[in-house]
>>> print(open('structure_8.txt').read())   # compact mmCIF, C-alpha atoms
# COMPACT_ATOMS: atom_id res chain seq x y z
CA MET A 217 -16.08 10.26 -0.54
CA ASN A 218 -14.55 10.64 2.90
CA ILE A 219 -12.92 7.28 3.64
CA LEU A 220 -11.55 6.03 6.97
CA LEU A 221 -9.00 3.20 6.87
CA LEU A 222 -8.35 1.33 10.10
CA GLY A 223 -4.91 -0.12 10.79
CA SER A 224 -1.21 0.71 10.98
CA GLY A 225 0.72 -1.98 9.11
CA GLY A 226 2.25 -2.55 5.71
CA ARG A 227 -1.06 -3.91 4.44
CA GLU A 228 -2.77 -0.66 5.42
CA HIS A 229 -0.06 1.46 3.77
CA ALA A 230 -0.58 -0.48 0.53
CA LEU A 231 -4.36 -0.03 0.82
CA ALA A 232 -3.96 3.68 1.60
CA TRP A 233 -1.64 4.12 -1.38
CA THR A 234 -4.23 2.47 -3.64
CA ILE A 235 -7.34 4.11 -2.18
CA SER A 236 -5.73 7.56 -2.27
CA ALA A 237 -5.36 7.23 -6.06
CA SER A 238 -9.09 6.66 -6.59
CA PRO A 239 -11.08 9.53 -8.15
CA LEU A 240 -13.82 8.65 -5.64
CA THR A 241 -11.60 9.54 -2.68
CA ALA A 242 -12.05 13.13 -1.55
CA ARG A 243 -10.47 12.68 1.88
CA LEU A 244 -8.56 9.68 3.23
CA ILE A 245 -8.03 9.30 6.96
CA CYS A 246 -6.14 6.45 8.61
CA ALA A 247 -6.31 5.42 12.25
CA PRO A 248 -3.76 5.12 13.68
CA GLY A 249 -1.51 4.85 10.59
CA ASN A 250 2.27 5.05 10.44
CA ALA A 251 5.03 7.26 9.04
CA GLY A 252 4.55 5.97 5.49
CA ILE A 253 0.77 6.19 5.51
CA ALA A 254 1.10 9.82 6.62
CA GLN A 255 2.51 10.57 3.15
CA VAL A 256 -0.81 9.66 1.45
CA ALA A 257 -3.46 10.09 4.18
CA GLU A 258 -4.30 12.03 7.32
CA CYS A 259 -3.28 9.94 10.33
CA VAL A 260 -5.26 10.27 13.55
CA ALA A 261 -4.59 8.87 17.00
CA LEU A 262 -7.82 6.91 17.33
CA ASP A 263 -8.13 3.74 19.41
CA ILE A 264 -9.69 1.32 16.94
CA THR A 265 -10.55 -1.13 19.73
CA ASP A 266 -12.96 1.52 21.08
CA HIS A 267 -15.87 1.05 18.70
CA ALA A 268 -17.88 3.90 20.20
CA ALA A 269 -14.95 6.29 19.64
CA VAL A 270 -14.62 5.15 16.03
CA ILE A 271 -18.34 5.70 15.42
CA ALA A 272 -18.20 9.17 17.02
CA PHE A 273 -15.19 10.08 14.89
CA CYS A 274 -16.96 8.94 11.71
CA LYS A 275 -20.00 11.05 12.50
CA ALA A 276 -17.94 14.11 13.44
CA ASN A 277 -15.87 13.87 10.25
CA LYS A 278 -18.71 12.90 7.87
CA VAL A 279 -17.03 9.61 6.96
CA ASP A 280 -18.89 7.90 4.10
CA PHE A 281 -17.06 4.58 4.04
CA VAL A 282 -14.83 2.65 6.45
CA VAL A 283 -12.29 0.05 5.31
CA VAL A 284 -11.05 -2.29 8.06
CA GLY A 285 -7.51 -3.58 7.54
CA PRO A 286 -6.53 -5.92 10.42
CA GLU A 287 -8.30 -9.05 11.62
CA ALA A 288 -8.65 -8.21 15.34
CA PRO A 289 -11.27 -5.45 14.90
CA LEU A 290 -13.20 -7.64 12.46
CA VAL A 291 -13.30 -10.57 14.87
CA ALA A 292 -14.35 -8.13 17.61
CA GLY A 293 -17.38 -7.05 15.55
CA ILE A 294 -16.46 -3.53 14.50
CA VAL A 295 -18.28 -3.94 11.17
CA ASP A 296 -21.53 -4.82 12.97
CA ASP A 297 -21.24 -1.77 15.22
CA LEU A 298 -20.41 0.67 12.41
CA GLU A 299 -23.18 -0.64 10.16
CA ALA A 300 -25.68 -0.45 13.05
CA ALA A 301 -24.73 3.22 13.34
CA GLY A 302 -25.51 3.74 9.64
CA ILE A 303 -21.88 3.85 8.47
CA LYS A 304 -20.99 1.82 5.36
CA THR A 305 -18.10 -0.53 6.16
CA PHE A 306 -16.00 -2.99 4.18
CA GLY A 307 -15.27 -6.26 5.95
CA PRO A 308 -17.05 -9.33 7.32
CA SER A 309 -19.40 -9.30 10.30
CA LYS A 310 -18.34 -10.74 13.65
CA LEU A 311 -20.05 -14.05 12.91
CA ALA A 312 -18.55 -14.28 9.42
CA ALA A 313 -15.08 -13.37 10.75
CA ARG A 314 -15.12 -16.60 12.77
CA LEU A 315 -13.51 -18.11 9.68
CA GLU A 316 -10.30 -16.55 10.98
CA GLY A 317 -11.21 -16.04 14.61
CA SER A 318 -11.64 -19.76 15.29
CA LYS A 319 -9.65 -22.41 13.45
CA GLY A 320 -11.88 -25.06 14.98
CA PHE A 321 -15.01 -23.38 13.55
CA THR A 322 -13.46 -23.36 10.09
CA LYS A 323 -12.35 -26.99 10.30
CA ASP A 324 -15.84 -28.05 11.36
CA LEU A 325 -17.33 -26.08 8.46
CA CYS A 326 -14.95 -27.81 6.05
CA ARG A 327 -15.84 -31.23 7.41
CA ALA A 328 -19.59 -30.56 7.17
CA ASN A 329 -19.34 -29.22 3.61
CA HIS A 330 -16.76 -31.62 2.17
CA ILE A 331 -14.20 -28.88 1.61
CA PRO A 332 -10.72 -30.39 1.11
CA THR A 333 -8.54 -29.80 4.15
CA ALA A 334 -6.23 -31.69 6.48
CA ALA A 335 -7.69 -34.26 8.89
CA TYR A 336 -7.90 -32.79 12.38
CA GLU A 337 -9.23 -32.92 15.93
CA ARG A 338 -10.02 -30.16 18.46
CA PHE A 339 -8.91 -30.17 22.10
CA LYS A 340 -9.63 -28.17 25.24
CA SER A 341 -7.61 -30.53 27.45
CA PRO A 342 -3.78 -30.50 27.28
CA ALA A 343 -3.67 -34.18 28.30
CA ASP A 344 -6.03 -35.24 25.51
CA ALA A 345 -4.08 -33.18 22.98
CA ARG A 346 -0.80 -34.72 24.07
CA ASP A 347 -2.25 -38.25 23.84
CA TYR A 348 -3.51 -37.53 20.31
CA ALA A 349 -0.15 -36.11 19.21
CA ARG A 350 1.65 -39.19 20.51
CA LYS A 351 -0.82 -41.47 18.73
CA MET A 352 -0.55 -39.64 15.39
CA GLY A 353 3.21 -39.06 15.43
CA ALA A 354 5.18 -36.48 13.47
CA PRO A 355 5.28 -34.45 11.34
CA ILE A 356 2.08 -32.89 12.64
CA VAL A 357 0.66 -29.36 12.90
CA VAL A 358 -0.41 -27.78 16.21
CA LYS A 359 -2.54 -24.62 16.09
CA ALA A 360 -4.00 -22.25 18.64
CA ASP A 361 -7.70 -21.89 17.91
CA GLY A 362 -7.84 -18.08 18.10
CA LEU A 363 -5.96 -15.06 16.75
CA ALA A 364 -2.25 -15.19 17.51
CA ALA A 365 -0.70 -12.69 15.06
CA GLY A 366 0.76 -15.44 12.89
CA LYS A 367 2.55 -17.08 15.84
CA GLY A 368 -0.02 -19.66 16.91
CA VAL A 369 0.93 -22.37 14.39
CA VAL A 370 3.72 -24.88 14.94
CA VAL A 371 4.70 -27.37 12.25
CA ALA A 372 6.23 -30.03 14.49
CA GLU A 373 8.83 -32.26 12.87
CA THR A 374 9.06 -34.49 15.93
CA THR A 375 6.54 -35.66 18.51
CA GLU A 376 8.52 -33.85 21.19
CA GLU A 377 8.14 -30.57 19.27
CA ALA A 378 4.39 -31.19 19.07
CA LEU A 379 4.17 -31.80 22.82
CA ASP A 380 6.18 -28.63 23.50
CA ALA A 381 3.85 -26.66 21.21
CA ILE A 382 0.78 -28.00 23.02
CA ASP A 383 2.29 -27.02 26.38
CA MET A 384 3.26 -23.57 25.05
CA ILE A 385 -0.21 -22.82 23.68
CA PHE A 386 -2.18 -24.14 26.65
CA GLY A 387 0.37 -22.53 28.96
CA GLY A 388 -0.51 -19.03 27.77
CA GLY A 389 2.21 -18.58 25.16
CA VAL A 390 -0.25 -16.99 22.74
CA GLY A 391 -2.65 -15.56 25.30
CA ALA A 392 -6.39 -16.09 25.04
CA ALA A 393 -5.96 -17.54 21.55
CA GLY A 394 -4.71 -20.75 23.18
CA SER A 395 -7.80 -21.76 25.15
CA GLU A 396 -8.35 -24.50 22.55
CA VAL A 397 -5.94 -26.35 20.27
CA VAL A 398 -6.48 -27.81 16.81
CA ILE A 399 -4.14 -30.62 15.75
CA GLU A 400 -3.94 -31.44 12.05
CA GLU A 401 -2.25 -33.89 9.78
CA PHE A 402 0.79 -32.52 7.97
CA LEU A 403 0.10 -31.73 4.31
CA ASP A 404 2.92 -32.16 1.81
CA GLY A 405 3.00 -29.71 -1.07
CA GLU A 406 3.57 -26.06 -1.96
CA GLU A 407 1.81 -23.26 -0.11
CA ALA A 408 0.01 -20.43 -1.88
CA SER A 409 -2.17 -17.48 -0.90
CA PHE A 410 -5.49 -17.12 -2.69
CA PHE A 411 -7.82 -14.13 -2.39
CA ALA A 412 -11.45 -13.70 -3.36
CA LEU A 413 -13.66 -10.63 -3.06
CA CYS A 414 -17.05 -11.65 -1.67
CA ASP A 415 -20.44 -9.95 -1.34
CA GLY A 416 -22.33 -12.60 0.62
CA THR A 417 -23.37 -14.69 -2.39
CA THR A 418 -20.86 -13.98 -5.18
CA ALA A 419 -17.09 -14.39 -5.03
CA ILE A 420 -14.59 -13.20 -7.64
CA ALA A 421 -11.00 -14.37 -7.68
CA LEU A 422 -8.22 -11.84 -7.20
CA ALA A 423 -4.59 -12.23 -8.26
CA SER A 424 -2.56 -15.01 -6.62
CA ALA A 425 0.47 -14.62 -4.36
CA GLN A 426 2.94 -16.63 -2.32
CA ASP A 427 4.52 -15.55 0.94
CA HIS A 428 7.47 -16.72 3.00
CA LYS A 429 6.37 -17.36 6.58
CA ARG A 430 9.61 -18.67 8.08
CA VAL A 431 12.07 -16.16 9.47
CA GLY A 432 15.21 -17.55 7.81
CA ASP A 433 16.56 -18.15 4.33
CA GLY A 434 15.53 -21.46 2.80
CA ASP A 435 12.24 -21.24 4.70
CA LYS A 436 13.95 -22.23 7.95
CA GLY A 437 13.24 -21.17 11.52
CA PRO A 438 10.05 -20.19 13.33
CA ASN A 439 6.90 -18.93 11.64
CA THR A 440 6.35 -15.19 11.42
CA GLY A 441 3.62 -12.90 10.13
CA GLY A 442 5.41 -13.09 6.77
CA MET A 443 8.94 -12.15 5.64
CA GLY A 444 8.14 -11.41 2.00
CA ALA A 445 5.80 -12.25 -0.86
CA TYR A 446 5.42 -12.17 -4.62
CA SER A 447 2.68 -12.20 -7.22
CA PRO A 448 1.67 -14.00 -9.35
CA ALA A 449 2.26 -17.43 -7.80
CA PRO A 450 3.32 -19.82 -10.59
CA VAL A 451 1.86 -22.80 -8.71
CA MET A 452 -1.61 -21.25 -9.05
CA THR A 453 -2.34 -22.38 -12.59
CA ASP A 454 -5.69 -21.66 -14.23
CA GLU A 455 -6.81 -25.19 -13.32
CA ILE A 456 -5.79 -24.81 -9.66
CA VAL A 457 -7.58 -21.44 -9.49
CA ARG A 458 -10.73 -23.01 -10.96
CA ARG A 459 -10.62 -25.88 -8.49
CA THR A 460 -9.97 -23.54 -5.56
CA MET A 461 -13.01 -21.46 -6.42
CA ASN A 462 -15.26 -24.48 -7.06
CA GLU A 463 -14.10 -26.80 -4.27
CA ILE A 464 -13.13 -24.37 -1.50
CA VAL A 465 -14.29 -20.76 -1.85
CA GLN A 466 -17.78 -21.19 -3.32
CA PRO A 467 -18.84 -23.96 -0.90
CA THR A 468 -17.63 -21.77 1.98
CA ILE A 469 -19.62 -18.74 0.80
CA GLN A 470 -22.71 -20.93 0.38
CA ALA A 471 -22.26 -22.50 3.82
CA MET A 472 -21.85 -19.13 5.55
CA ALA A 473 -24.96 -17.76 3.82
CA ALA A 474 -26.93 -20.85 4.85
CA MET A 475 -25.87 -20.24 8.47
CA GLY A 476 -27.25 -16.72 8.32
CA SER A 477 -23.73 -15.26 8.41
CA PRO A 478 -23.13 -14.13 4.80
CA TYR A 479 -19.48 -13.39 4.16
CA LYS A 480 -18.73 -9.93 2.77
CA GLY A 481 -15.17 -8.76 2.37
CA VAL A 482 -11.90 -10.32 1.30
CA LEU A 483 -11.61 -14.05 1.90
CA PHE A 484 -7.98 -15.10 2.12
CA ALA A 485 -7.46 -18.83 1.70
CA GLY A 486 -4.11 -20.19 2.77
CA LEU A 487 -3.67 -23.24 0.52
CA MET A 488 -1.45 -26.27 0.23
CA ILE A 489 -1.18 -27.42 -3.37
CA THR A 490 -0.85 -31.19 -3.00
CA LYS A 491 -0.79 -34.08 -5.46
CA LYS A 492 -4.54 -34.30 -4.96
CA GLY A 493 -5.03 -30.61 -5.72
CA PRO A 494 -5.63 -27.56 -3.51
CA GLN A 495 -6.40 -28.11 0.17
CA LEU A 496 -7.31 -25.43 2.67
CA ILE A 497 -4.80 -24.76 5.46
CA GLU A 498 -6.69 -21.86 7.00
CA TYR A 499 -8.86 -18.86 6.23
CA ASN A 500 -8.13 -15.23 7.00
CA CYS A 501 -10.86 -12.60 6.90
CA ARG A 502 -8.79 -9.75 5.45
CA PHE A 503 -6.06 -8.98 2.94
CA GLY A 504 -2.81 -10.77 3.66
CA ASP A 505 0.25 -8.98 4.95
CA PRO A 506 2.64 -8.88 3.04
CA GLU A 507 0.56 -10.30 0.15
CA CYS A 508 -1.63 -7.18 -0.02
CA GLN A 509 1.42 -5.11 -0.87
CA VAL A 510 2.24 -7.07 -4.03
CA LEU A 511 -1.43 -7.35 -5.04
CA MET A 512 -2.03 -3.60 -4.83
CA LEU A 513 1.00 -2.96 -7.04
CA ARG A 514 -0.52 -5.21 -9.73
CA LEU A 515 -4.09 -3.91 -9.49
CA MET A 516 -5.08 -1.93 -12.58
CA SER A 517 -8.71 -1.28 -11.61
CA ASP A 518 -9.96 1.28 -9.10
CA LEU A 519 -10.12 -0.50 -5.73
CA VAL A 520 -12.79 1.69 -4.11
CA PRO A 521 -15.73 0.70 -6.38
CA ALA A 522 -14.78 -2.96 -5.87
CA LEU A 523 -14.88 -2.62 -2.08
CA LEU A 524 -18.21 -0.79 -2.29
CA ALA A 525 -19.66 -3.47 -4.60
CA ALA A 526 -18.66 -6.19 -2.12
CA ARG A 527 -20.29 -4.32 0.74
CA ASP A 528 -23.44 -3.59 -1.29
CA GLY A 529 -23.86 -7.17 -2.58
CA VAL A 530 -23.47 -6.31 -6.27
CA LEU A 531 -20.33 -8.19 -7.36
CA LYS A 532 -22.22 -10.45 -9.78
CA ASP A 533 -21.34 -8.42 -12.88
CA PHE A 534 -18.14 -6.89 -11.49
CA ASP A 535 -14.65 -7.48 -12.85
CA LEU A 536 -11.14 -6.44 -11.87
CA ARG A 537 -8.18 -5.96 -14.19
CA TRP A 538 -4.57 -6.69 -13.29
CA TYR A 539 -1.21 -5.72 -14.72
CA ARG A 540 0.60 -8.72 -16.19
CA ASN A 541 3.92 -7.88 -14.55
CA ALA A 542 5.39 -9.47 -11.44
CA THR A 543 5.81 -7.86 -8.03
CA LEU A 544 7.88 -8.90 -5.02
CA THR A 545 8.22 -7.47 -1.53
CA VAL A 546 10.98 -8.01 1.03
CA VAL A 547 10.08 -7.48 4.67
CA MET A 548 12.69 -5.71 6.77
CA ALA A 549 12.21 -6.65 10.42
CA ALA A 550 13.74 -5.55 13.72
CA ASN A 551 16.61 -7.68 15.00
CA GLY A 552 15.23 -10.44 17.23
CA TYR A 553 11.88 -10.76 15.43
CA PRO A 554 9.74 -12.91 15.78
CA GLY A 555 11.01 -13.04 19.35
CA SER A 556 11.68 -10.00 21.52
CA TYR A 557 13.05 -6.98 19.67
CA GLU A 558 14.03 -3.40 20.44
CA LYS A 559 12.07 -0.37 19.30
CA GLY A 560 13.29 3.11 18.46
CA SER A 561 16.21 2.41 16.12
CA VAL A 562 16.69 5.02 13.37
CA ILE A 563 16.24 4.07 9.69
CA GLU A 564 18.13 6.03 7.03
CA GLY A 565 18.50 5.84 3.26
CA LEU A 566 14.79 5.47 2.49
CA ALA A 567 14.75 8.30 -0.05
CA ASP A 568 17.68 6.78 -1.98
CA ALA A 569 15.98 3.38 -1.95
CA ALA A 570 12.62 4.76 -3.11
CA ALA A 571 14.33 6.65 -5.94
CA ILE A 572 15.15 3.38 -7.73
CA GLU A 573 12.88 2.91 -10.73
CA HIS A 574 10.00 0.42 -10.25
CA VAL A 575 10.47 0.37 -6.46
CA GLU A 576 7.82 1.20 -3.87
CA ILE A 577 8.35 1.14 -0.09
CA PHE A 578 5.43 0.49 2.24
CA HIS A 579 5.89 1.18 5.94
CA ALA A 580 4.66 -1.20 8.65
CA GLY A 581 6.07 -0.50 12.14
CA THR A 582 7.39 3.06 11.82
CA LYS A 583 6.84 6.55 13.19
CA THR A 584 8.41 9.96 12.69
CA GLN A 585 10.43 11.18 15.67
CA ASP A 586 12.50 14.37 15.69
CA GLY A 587 12.35 14.44 11.89
CA LYS A 588 13.66 10.88 11.54
CA ILE A 589 11.99 7.56 10.73
CA VAL A 590 12.27 5.12 13.63
CA ALA A 591 11.20 1.50 14.02
CA THR A 592 8.24 0.77 16.30
CA GLY A 593 7.38 -2.85 15.50
CA GLY A 594 8.64 -6.29 14.57
CA ARG A 595 7.99 -6.09 10.84
CA VAL A 596 8.97 -2.56 9.91
CA LEU A 597 9.30 -2.04 6.13
CA ASN A 598 8.09 -3.68 2.92
CA VAL A 599 10.52 -3.00 0.09
CA CYS A 600 8.79 -3.81 -3.20
CA GLY A 601 10.05 -4.25 -6.74
CA THR A 602 8.13 -4.62 -10.00
CA GLY A 603 9.40 -6.27 -13.18
CA ASP A 604 8.56 -8.42 -16.16
CA THR A 605 9.57 -11.50 -14.16
CA ILE A 606 9.84 -12.48 -10.49
CA ARG A 607 13.64 -12.45 -10.86
CA GLU A 608 13.61 -8.87 -12.18
CA ALA A 609 11.24 -7.75 -9.41
CA GLN A 610 13.48 -9.48 -6.86
CA SER A 611 16.60 -7.76 -8.19
CA ARG A 612 14.99 -4.33 -7.93
CA ALA A 613 13.67 -4.96 -4.43
CA TYR A 614 17.06 -6.06 -3.09
CA SER A 615 18.82 -3.15 -4.83
CA ALA A 616 16.55 -0.90 -2.78
CA VAL A 617 17.10 -2.92 0.41
CA ASP A 618 20.84 -2.40 0.01
CA LYS A 619 20.35 1.39 -0.02
CA ILE A 620 18.63 1.35 3.36
CA LYS A 621 20.87 1.98 6.37
CA TRP A 622 19.36 0.25 9.37
CA PRO A 623 21.76 -1.68 11.64
CA GLY A 624 18.79 -2.51 13.89
CA GLY A 625 17.06 -4.59 11.21
CA PHE A 626 17.44 -7.61 8.97
CA CYS A 627 15.73 -9.35 6.07
CA ARG A 628 15.77 -12.63 4.22
CA ARG A 629 17.88 -12.63 1.06
CA ASP A 630 15.97 -15.31 -0.89
CA ILE A 631 12.39 -14.04 -1.26
CA GLY A 632 10.90 -15.51 -4.44
CA TRP A 633 13.27 -18.47 -4.64
CA ARG A 634 10.54 -21.00 -5.42
CA ALA A 635 9.22 -19.06 -8.39
CA ILE A 636 12.71 -18.40 -9.72
CA ALA A 637 13.67 -22.07 -9.38
CA ARG A 638 10.46 -23.07 -11.17
CA ALA A 639 11.27 -20.66 -14.04
CA LYS A 640 14.67 -22.34 -14.55
CA ASN A 641 13.11 -25.80 -15.01
>>> encode(input="structure_8.txt", output="structure tokens")
Amino acid sequence: MNILLLGSGGREHALAWTISASPLTARLICAPGNAGIAQVAECVALDITDHAAVIAFCKANKVDFVVVGPEAPLVAGIVDDLEAAGIKTFGPSKLAARLEGSKGFTKDLCRANHIPTAAYERFKSPADARDYARKMGAPIVVKADGLAAGKGVVVAETTEEALDAIDMIFGGGVGAAGSEVVIEEFLDGEEASFFALCDGTTAIALASAQDHKRVGDGDKGPNTGGMGAYSPAPVMTDEIVRRTMNEIVQPTIQAMAAMGSPYKGVLFAGLMITKKGPQLIEYNCRFGDPECQVLMLRLMSDLVPALLAARDGVLKDFDLRWYRNATLTVVMAANGYPGSYEKGSVIEGLADAAAIEHVEIFHAGTKTQDGKIVATGGRVLNVCGTGDTIREAQSRAYSAVDKIKWPGGFCRRDIGWRAIARAKN
């Protein structure tokens, strides 16, 4: 098969690495890709926001199957347009992608279908939102309704922080994503990332993961797109997985089908594991980033038939196998991230780092310039280790990090701390 993968991040490098290993893959093209993806796929300078250009490219290059990596094209309806042109595509439709594209839509769906989630209200007026925040008090969570690249959520520890977040979002701090605000109660517990492969009616659970969203060690500082992740997540016991499927994922799939918007693709549930059990924080309509990186390293089965089965609606008798080992990834980001950061700094030592046994490096914001790898984004590299335990995977990942010479970047030094602390008890 000729397969086109859309995207340019660490998630897409992990997907490209996995898809390229499939016997079904004759040719793998990635648009626009990055310096790491170029090692396993052909990268093309294609504007993936231009759906007509993507369709024309697919027809000219006899593309059999398109895999969409990021959320923005999904929310914009690229799957609908490709399918209408007769091109098989993996990912949810525009209407189904509202599960990520509108936090208010998802909260309303949860309320209507008794799916466990935090109490909330929606606001289009800054004054009403501020009044509600004052009435509820802190801690409280303020969210932009739309896509904000992981930066539209503020966990406010004081009422003043909540009011500042409301002003920031309505004031254009996250662009068009902030035309509406969702304010939720604060949930106390441990976060986890849960993934299910869906074909419109059937959902099968994938491996679990946990990520670290805060920029600083000890999970301090502002939220980011993710500073690291590991799999499996010890908090996701067999019982919690069962409850998540029965109480959250399956009711969602049924509700979307009943609306006439069947959900096909990966459904990523951000969970809070509370004393009452799993509660939904939010949905994403694609693989997580950096969770995808650790999941792909643990996947034993061929990914391509699984993606095709989800698209074709035949997951009912499908199964995926996973390696029992643990994987962990450390995100190396440009200095200043998640705020303003410089681009163009040179990264050295990647070959020495990748030479360490049981280490894999996935690129995110990189390009090749004058024969050197340079940083082009906020999150730039995903340095991954595999081991029998999270601690062993962590040790290998950081050994590789220490081989990389990049004064323009930084990383957290405690990825996986929750799992390691749990293992000691």
>>> residues_around(input="structure_8.txt", residues="region 350-359 of chain A", least_positions_apart="4", cutoff="7 Å", atoms="only C-alpha atoms", output="ChimeraX atom specification")
/A:346,368-375,378,381-382,397-402
>>> atom_distance(input="structure_8.txt", atom1="CA of Trp633 (chain A)", atom2="CA of Ala571 (chain A)")
25.2 Å
>>> residues_around(input="structure_8.txt", residues="Thr322 (chain A)", least_positions_apart="4", cutoff="12 Å", atoms="all atoms listed in the file", output="ChimeraX atom specification")
/A:311-318,326-334,336-338,361-362,398,464,468,471-472,485,496-501
>>> closest_residue(input="structure_8.txt", among="A:Leu511, A:Ala419, A:Val390, A:Met516", to="Lys532 (chain A)", atoms="all atoms listed in the file")
A:Ala419
>>> closest_residue(input="structure_8.txt", among="A:Phe578, A:Trp233, A:Phe281, A:Tyr446", to="Ala609 (chain A)", atoms="all atoms listed in the file")
A:Tyr446
>>> closest_residue(input="structure_8.txt", among="A:Lys310, A:Arg629, A:Lys588, A:His428", to="Gly481 (chain A)", atoms="all atoms listed in the file")
A:Lys310
>>> closest_residue(input="structure_8.txt", among="A:Ile606, A:Leu566, A:Ile385, A:Met548", to="Cys627 (chain A)", atoms="all atoms listed in the file")
A:Met548
>>> closest_residue(input="structure_8.txt", among="A:His579, A:Arg612, A:Arg459, A:Lys619", to="Ala542 (chain A)", atoms="only C-alpha atoms")
A:Arg612
>>> atom_distance(input="structure_8.txt", atom1="CA of Ala392 (chain A)", atom2="CA of Pro308 (chain A)")
21.8 Å
>>> atom_distance(input="structure_8.txt", atom1="CA of Ala251 (chain A)", atom2="CA of Ala425 (chain A)")
26.1 Å
>>> closest_residue(input="structure_8.txt", among="A:Gly394, A:Gly307, A:Pro494, A:Pro438", to="Met461 (chain A)", atoms="all atoms listed in the file")
A:Pro494
>>> residues_around(input="structure_8.txt", residues="region 550-558 of chain A", least_positions_apart="4", cutoff="6 Å", atoms="only C-alpha atoms", output="compact mmCIF listing (two decimals) with C-alpha atoms, keeping the file's coordinate frame")
# COMPACT_ATOMS: atom_id res chain seq x y z
CA THR A 440 6.35 -15.19 11.42
CA GLY A 594 8.64 -6.29 14.57
CA GLY A 624 18.79 -2.51 13.89
CA GLY A 625 17.06 -4.59 11.21
>>> residues_around(input="structure_8.txt", residues="region 487-490 of chain A", least_positions_apart="4", cutoff="8 Å", atoms="all atoms listed in the file", output="ChimeraX atom specification")
/A:403-410,451,494-498
>>> residues_around(input="structure_8.txt", residues="region 297-306 of chain A", least_positions_apart="2", cutoff="6 Å", atoms="all atoms listed in the file", output="list of chain:residue names")
A:Phe281, A:Val282, A:Val283, A:Ile294, A:Val295, A:Arg527
>>> residues_near_point(input="structure_8.txt", point="(9.3, -19.5, 10.2)", cutoff="9 Å", atoms="all atoms listed in the file", output="list in words")
His428, Lys429, Arg430, Val431, Gly432, Asp435, Lys436, Gly437, Pro438, Asn439, Thr440, Gly441, Gly442, Met443 and Pro554 of chain A
>>> residues_near_point(input="structure_8.txt", point="(-14.6, -9.2, -12.0)", cutoff="9 Å", atoms="only C-alpha atoms", output="list in words")
Ile420, Ala421, Leu422, Ala522, Leu531, Lys532, Asp533, Phe534, Asp535, Leu536 and Arg537 of chain A
